[in-house]
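What follows is work07.tsv (TSV, C-alpha atoms and all ligand atoms).
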chain	number	residue	atom	x	y	z
A	29	MET	CA	62.98	-13.22	-35.11
A	30	ARG	CA	60.09	-13.18	-37.62
A	31	SER	CA	58.11	-15.87	-35.87
A	32	GLN	CA	58.32	-13.87	-32.64
A	33	ASP	CA	56.68	-10.77	-34.22
A	34	ARG	CA	53.68	-12.61	-35.58
A	35	PHE	CA	50.52	-12.75	-33.43
A	36	ARG	CA	50.08	-16.28	-32.20
A	37	LEU	CA	46.93	-17.68	-30.70
A	38	THR	CA	48.40	-19.14	-27.53
A	39	PRO	CA	45.99	-20.94	-25.12
A	40	PRO	CA	45.64	-17.98	-22.70
A	41	ARG	CA	44.89	-15.63	-25.60
A	42	LEU	CA	42.35	-18.07	-27.01
A	43	LEU	CA	40.59	-18.24	-23.65
A	44	LEU	CA	40.46	-14.44	-23.46
A	45	ALA	CA	38.98	-14.17	-26.97
A	46	VAL	CA	36.25	-16.74	-26.21
A	47	PHE	CA	35.41	-14.94	-22.98
A	48	ALA	CA	35.13	-11.54	-24.70
A	49	LEU	CA	32.85	-12.94	-27.43
A	50	THR	CA	30.56	-14.55	-24.85
A	51	ALA	CA	30.31	-11.33	-22.88
A	52	ILE	CA	29.44	-9.27	-25.98
A	53	SER	CA	26.74	-11.67	-27.22
A	54	ALA	CA	25.22	-11.92	-23.73
A	55	SER	CA	24.88	-8.16	-23.37
A	56	VAL	CA	23.35	-7.87	-26.86
A	57	ALA	CA	20.79	-10.56	-25.97
A	58	LEU	CA	19.92	-8.79	-22.70
A	59	ALA	CA	19.45	-5.47	-24.49
A	60	GLN	CA	17.08	-7.13	-26.98
A	61	MET	CA	15.05	-8.73	-24.19
A	62	GLY	CA	14.63	-5.32	-22.57
A	63	ALA	CA	13.49	-3.82	-25.87
A	64	GLU	CA	10.85	-6.46	-26.49
A	65	THR	CA	8.65	-6.87	-23.45
A	66	MET	CA	7.86	-4.84	-20.39
A	67	GLY	CA	4.44	-6.01	-19.25
A	68	GLY	CA	3.39	-6.74	-22.84
A	69	VAL	CA	4.31	-3.25	-24.02
A	70	SER	CA	7.40	-2.64	-26.10
A	71	TYR	CA	9.97	-0.50	-24.39
A	72	PRO	CA	10.35	2.52	-24.32
A	73	GLU	CA	6.67	2.97	-25.24
A	74	SER	CA	4.33	3.34	-22.27
A	75	ALA	CA	0.78	2.10	-21.83
A	76	PRO	CA	-2.00	4.61	-21.21
A	77	ALA	CA	-2.92	4.69	-17.52
A	78	LYS	CA	-6.37	3.42	-16.61
A	79	PRO	CA	-8.69	6.08	-15.19
A	80	ILE	CA	-8.71	6.26	-11.39
A	81	PRO	CA	-11.90	4.55	-10.15
A	82	LYS	CA	-14.49	6.65	-8.33
A	83	TRP	CA	-14.59	6.34	-4.55
A	84	THR	CA	-17.70	5.15	-2.80
A	85	VAL	CA	-18.89	8.20	-0.87
A	86	ASP	CA	-22.42	7.18	0.18
A	87	ASP	CA	-21.81	7.91	3.92
A	88	ILE	CA	-22.90	4.37	4.84
A	89	ARG	CA	-20.49	2.86	7.36
A	90	LYS	CA	-19.32	-0.51	6.02
A	91	MET	CA	-19.37	-3.71	8.03
A	92	ARG	CA	-15.92	-4.78	9.13
A	93	ALA	CA	-14.54	-8.04	7.74
A	94	TYR	CA	-13.13	-8.90	11.20
A	95	PRO	CA	-13.39	-7.21	14.61
A	96	ASP	CA	-9.96	-5.51	14.59
A	97	GLN	CA	-10.16	-4.18	11.03
A	98	PRO	CA	-9.62	-0.45	10.64
A	99	PRO	CA	-13.03	0.58	9.22
A	100	VAL	CA	-12.93	1.87	5.65
A	101	ILE	CA	-13.75	5.52	5.00
A	102	PRO	CA	-17.31	5.88	3.66
A	103	HIS	CA	-17.04	9.57	2.72
A	104	SER	CA	-14.93	11.73	0.44
A	105	ILE	CA	-11.55	12.85	1.80
A	106	GLU	CA	-10.76	14.92	-1.28
A	107	GLY	CA	-8.67	17.93	-0.29
A	108	TYR	CA	-8.53	17.02	3.41
A	109	GLN	CA	-5.15	18.14	4.64
A	110	LEU	CA	-3.26	15.62	6.72
A	111	SER	CA	0.19	16.86	7.64
A	112	VAL	CA	2.36	17.39	10.71
A	113	ASN	CA	0.66	20.74	11.37
A	114	THR	CA	-2.91	20.06	10.30
A	115	ASN	CA	-5.15	17.05	10.67
A	116	ARG	CA	-8.53	17.59	9.03
A	117	CYS	CA	-9.74	14.13	10.07
A	118	LEU	CA	-9.34	14.91	13.76
A	119	SER	CA	-11.37	18.12	13.41
A	120	CYS	CA	-14.40	15.82	13.19
A	121	HIS	CA	-13.30	12.47	14.68
A	122	LYS	CA	-11.52	13.61	17.85
A	123	ARG	CA	-13.49	13.04	21.07
A	124	GLU	CA	-13.95	16.77	21.77
A	125	PHE	CA	-15.40	17.49	18.32
A	126	THR	CA	-17.77	14.56	17.76
A	127	GLU	CA	-20.81	16.26	19.27
A	128	GLY	CA	-20.66	19.01	16.69
A	129	SER	CA	-19.62	16.88	13.73
A	130	GLY	CA	-21.71	13.77	14.33
A	131	ALA	CA	-18.68	11.69	13.32
A	132	PRO	CA	-17.91	8.44	15.16
A	133	MET	CA	-15.17	9.04	17.73
A	134	VAL	CA	-11.77	7.48	17.13
A	135	SER	CA	-11.77	4.50	19.46
A	136	VAL	CA	-9.84	4.34	22.72
A	137	THR	CA	-6.96	2.46	21.05
A	138	HIS	CA	-6.10	5.69	19.22
A	139	TYR	CA	-5.18	7.29	22.56
A	140	LEU	CA	-2.87	4.50	23.70
A	141	THR	CA	0.90	4.46	23.29
A	142	ARG	CA	2.69	1.34	22.21
A	143	ASP	CA	3.17	0.49	25.89
A	144	GLY	CA	-0.55	0.82	26.59
A	145	GLN	CA	-0.31	4.18	28.34
A	146	MET	CA	-3.39	6.41	27.93
A	147	LEU	CA	-2.73	9.89	26.54
A	148	ALA	CA	-4.90	13.03	26.63
A	149	ASP	CA	-4.60	13.34	22.86
A	150	VAL	CA	-4.43	10.97	19.90
A	151	SER	CA	-1.23	8.94	20.04
A	152	PRO	CA	1.42	9.85	17.45
A	153	ARG	CA	1.28	6.31	16.09
A	154	ARG	CA	-2.40	6.86	15.21
A	155	TYR	CA	-1.98	10.40	13.86
A	156	PHE	CA	-1.69	9.62	10.14
A	157	CYS	CA	-5.15	8.15	9.66
A	158	THR	CA	-4.77	7.11	6.05
A	159	ALA	CA	-1.91	4.77	6.90
A	160	CYS	CA	-4.67	2.42	8.09
A	161	HIS	CA	-8.03	3.83	6.95
A	162	VAL	CA	-8.69	3.95	3.24
A	163	PRO	CA	-11.60	4.89	1.02
A	164	GLN	CA	-13.13	2.22	-1.23
A	165	ALA	CA	-14.00	2.04	-4.91
A	166	ASP	CA	-16.55	-0.26	-6.53
A	167	THR	CA	-14.10	-2.29	-8.63
A	168	GLN	CA	-13.42	-5.93	-9.44
A	169	PRO	CA	-10.79	-7.56	-7.22
A	170	LEU	CA	-7.42	-7.89	-8.97
A	171	VAL	CA	-6.86	-11.41	-7.63
A	172	GLY	CA	-9.25	-14.12	-6.48
A	173	ASN	CA	-10.05	-14.27	-2.78
A	174	THR	CA	-11.40	-17.11	-0.66
A	175	PHE	CA	-11.77	-15.06	2.53
A	176	LYS	CA	-14.54	-16.34	4.79
A	177	ASP	CA	-16.20	-14.28	7.48
A	178	MET	CA	-15.36	-15.85	10.84
A	179	SER	CA	-19.04	-15.80	11.85
A	180	GLU	CA	-19.74	-18.28	9.02
A	181	MET	CA	-17.15	-20.77	10.19
A	182	GLY	CA	-19.42	-22.84	12.42
A	183	VAL	CA	-19.10	-20.83	15.62
A	184	LYS	CA	-21.96	-20.73	18.13
A	185	HIS	CA	-23.17	-17.15	18.32
A	186	ALA	CA	-23.67	-15.52	21.71
A	187	GLY	CA	-27.25	-14.64	22.61
A	188	GLU	CA	-28.87	-16.78	19.93
A	189	GLU	CA	-30.43	-19.49	22.14
B	1	LIG	C1	-16.51	16.98	8.19
B	1	LIG	C2	-16.32	15.95	9.20
B	1	LIG	C3	-15.42	14.79	8.85
B	1	LIG	C4	-14.11	14.83	8.42
B	1	LIG	C5	-13.25	16.05	8.15
B	1	LIG	C6	-13.69	13.45	8.30
B	1	LIG	N1	-14.71	12.62	8.64
B	1	LIG	FE1	-14.65	10.60	8.70
B	1	LIG	N2	-16.62	10.51	9.15
B	1	LIG	C7	-17.43	11.59	9.36
B	1	LIG	C8	-18.81	11.15	9.56
B	1	LIG	C9	-19.99	12.05	9.83
B	1	LIG	C10	-18.78	9.74	9.47
B	1	LIG	C11	-19.96	8.77	9.56
B	1	LIG	C12	-20.33	8.22	8.21
B	1	LIG	C13	-20.64	9.31	7.24
B	1	LIG	O1	-21.54	10.12	7.49
B	1	LIG	O2	-19.93	9.39	6.22
B	1	LIG	C14	-17.40	9.37	9.21
B	1	LIG	C15	-16.95	8.08	9.07
B	1	LIG	C16	-15.60	7.72	8.99
B	1	LIG	C17	-15.10	6.37	9.08
B	1	LIG	C18	-15.93	5.10	9.25
B	1	LIG	C19	-16.06	4.73	10.69
B	1	LIG	C20	-16.78	3.43	10.88
B	1	LIG	O3	-16.87	3.00	12.05
B	1	LIG	O4	-17.22	2.82	9.93
B	1	LIG	C21	-13.75	6.42	8.95
B	1	LIG	C22	-12.77	5.28	8.97
B	1	LIG	C23	-13.41	7.81	8.78
B	1	LIG	N3	-14.55	8.57	8.81
B	1	LIG	C24	-12.11	8.28	8.59
B	1	LIG	C25	-11.81	9.59	8.28
B	1	LIG	C26	-10.50	10.03	7.87
B	1	LIG	C27	-9.28	9.14	7.75
B	1	LIG	C28	-10.59	11.37	7.64
B	1	LIG	C29	-9.51	12.30	7.16
B	1	LIG	C30	-8.82	11.94	5.93
B	1	LIG	C31	-11.94	11.78	7.93
B	1	LIG	N4	-12.65	10.67	8.29
B	1	LIG	C32	-12.41	13.07	7.89
B	1	LIG	C33	-17.02	12.92	9.38
B	1	LIG	C34	-15.79	13.39	8.97
B	2	LIG	C1	-2.13	2.23	12.97
B	2	LIG	C2	-3.42	2.12	12.32
B	2	LIG	C3	-4.46	3.22	12.55
B	2	LIG	C4	-4.29	4.58	12.43
B	2	LIG	C5	-3.05	5.35	12.05
B	2	LIG	C6	-5.59	5.16	12.70
B	2	LIG	N1	-6.50	4.16	12.97
B	2	LIG	FE1	-8.49	4.40	13.30
B	2	LIG	N2	-8.68	2.42	13.66
B	2	LIG	C7	-7.69	1.48	13.51
B	2	LIG	C8	-8.20	0.18	13.89
B	2	LIG	C9	-7.40	-1.12	13.88
B	2	LIG	C10	-9.54	0.35	14.26
B	2	LIG	C11	-10.54	-0.70	14.74
B	2	LIG	C12	-10.16	-1.27	16.09
B	2	LIG	C13	-9.92	-0.21	17.07
B	2	LIG	O1	-10.86	0.55	17.40
B	2	LIG	O2	-8.78	-0.11	17.50
B	2	LIG	C14	-9.82	1.79	14.10
B	2	LIG	C15	-11.05	2.38	14.36
B	2	LIG	C16	-11.38	3.67	13.99
B	2	LIG	C17	-12.70	4.25	14.02
B	2	LIG	C18	-13.98	3.55	14.51
B	2	LIG	C19	-14.06	3.69	15.98
B	2	LIG	C20	-15.21	2.95	16.54
B	2	LIG	O3	-15.28	2.88	17.79
B	2	LIG	O4	-16.04	2.42	15.81
B	2	LIG	C21	-12.60	5.54	13.59
B	2	LIG	C22	-13.73	6.54	13.44
B	2	LIG	C23	-11.22	5.78	13.30
B	2	LIG	N3	-10.50	4.63	13.55
B	2	LIG	C24	-10.72	6.98	12.82
B	2	LIG	C25	-9.36	7.26	12.73
B	2	LIG	C26	-8.83	8.59	12.48
B	2	LIG	C27	-9.66	9.83	12.24
B	2	LIG	C28	-7.46	8.45	12.47
B	2	LIG	C29	-6.42	9.54	12.33
B	2	LIG	C30	-6.40	10.55	13.38
B	2	LIG	C31	-7.15	7.06	12.69
B	2	LIG	N4	-8.32	6.37	12.86
B	2	LIG	C32	-5.87	6.52	12.68
B	2	LIG	C33	-6.40	1.72	13.08
B	2	LIG	C34	-5.85	2.96	12.89
Go ahead and express the file in the form of structure tokens.
Ligand code: HEC
Ligand code: HEC
Amino acid sequence: MRSQDRFRLTPPRLLLAVFALTAISASVALAQMGAETMGGVSYPESAPAKPIPKWTVDDIRKMRAYPDQPPVIPHSIEGYQLSVNTNRCLSCHKREFTEGSGAPMVSVTHYLTRDGQMLADVSPRRYFCTACHVPQADTQPLVGNTFKDMSEMGVKHAGEE
């Protein structure tokens, strides 16, 4: 009777105890890792954000890196509303308004649907300009880049002979 009442470490119970200990120590270790480093800053402290770099707004159209590149925006777009109801960009860049604004017209591709059908107005897939066109800032690249302009890759240029 007495021996039955006492807690005995039978093999299944031993296994359960080992498992529970492992689980506890693993979660403690994980919690410590989280507390130590998050991008070199101890959690839950946060690093001060770097100031937003100034955009280049000199109005000089930049050369494209390759023929099909969406040209970058060389002017300020601060406060230009671009929503479903209003498109400030089109008020200058749409074909009908370019004479007054002096802005380069959106190219013909902006009037084509995905199936190549020409529309009277800018195609919905080209409506949100800043999905493709972005302003630039004079900053150092974050990662190295070995991009080479295709005109420097030994091609024979048309009209040069
Ligand atoms: C007030 C008129 C005006 C508005 C509004 C405007 N632009 Fe422009 N945009 C211009 C003019 C003018 C140029 C020619 C370069 C210059 O003078 O800055 C230009 C140039 C550009 C270029 C360079 C084209 C090239 O071939 O290099 C892009 C891209 C562009 N704009 C995109 C936009 C986008 C996107 C918006 C809206 C967020 C916008 N623009 C709003 C007038 C405007
Ligand atoms: C899905 C991407 C995309 C969207 C959205 C888009 N563009 Fe473009 N845009 C391009 C590409 C790519 C080019 C260069 C090749 C071409 O003309 O198709 C270009 C060219 C241009 C050019 C130069 C045209 C020329 O003949 O030199 C202007 C200006 C321009 N876009 C303005 C706009 C404006 C304004 C909007 C918004 C109404 C807009 N784009 C929306 C991709 C886009």
To one decimal in Å, tell me the separation between atom C10 of ligand LIG 1 (chain B) and atom CA of A:Trp83.
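According to the coordinates, atom C10 of ligand LIG 1 (chain B) and atom CA of A:Trp83 are separated by 15.0 Å.
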Residues contacting ligand LIG 2 (chain B) - anything with an atom at most 10 Å away, using all atoms listed in the file - can you give me those as a PyMOL selection string?
chain A and resi 89+92+94-101+110+115-122+126+131-140+150-162
Give the answer as one residue: which of A:Ala186, A:Leu170, A:Met91, A:Met181 has the shortest atom-to-atom distance to ligand LIG 1 (chain B), using all atoms listed in the file?
A:Met91
Closest of A:His103, A:His185, A:Arg142, A:Arg41 to ligand LIG 1 (chain B), counting only C-alpha atoms and all ligand atoms, is A:His103
Residue among A:Gly107, A:Pro102, A:Gly68, A:Gly182 lying closest to ligand LIG 1 (chain B), counting only C-alpha atoms and all ligand atoms:
A:Pro102
What is the distance, in Å and to one decimal place, between atom C11 of ligand LIG 1 (chain B) and atom CA of A:Thr84?
13.1 Å
Draw an axis-aligned box tight on the listed atoms of ligand LIG 1 (chain B), then pad every side by 6 Å and write out centre and edge lengths in Å to one decimal as AutoDock Vina command-line options.
--center_x -15.2 --center_y 9.9 --center_z 9.0 --size_x 24.7 --size_y 26.2 --size_z 18.1
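Ranking A:Pro72, A:Gly187, A:Pro163, A:Pro79 by their shortest atom-to-atom distance to ligand LIG 1 (chain B), with all atoms listed in the file included, puts A:Pro163 first.
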Restricting to all atoms listed in the file, whichever of A:Pro81, A:Glu127, A:Ala93, A:Thr50 is closest to A:Ser179 is A:Ala93
Between atom CA of A:Phe175 and atom C26 of ligand LIG 1 (chain B), distance in Å (one decimal):
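Computing it gives 25.7 Å between the two atoms.
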Counting only C-alpha atoms and all ligand atoms, the residue of A:Ile88, A:Ala48, A:Ala165, A:Val112 that sits nearest ligand LIG 1 (chain B):
A:Ile88
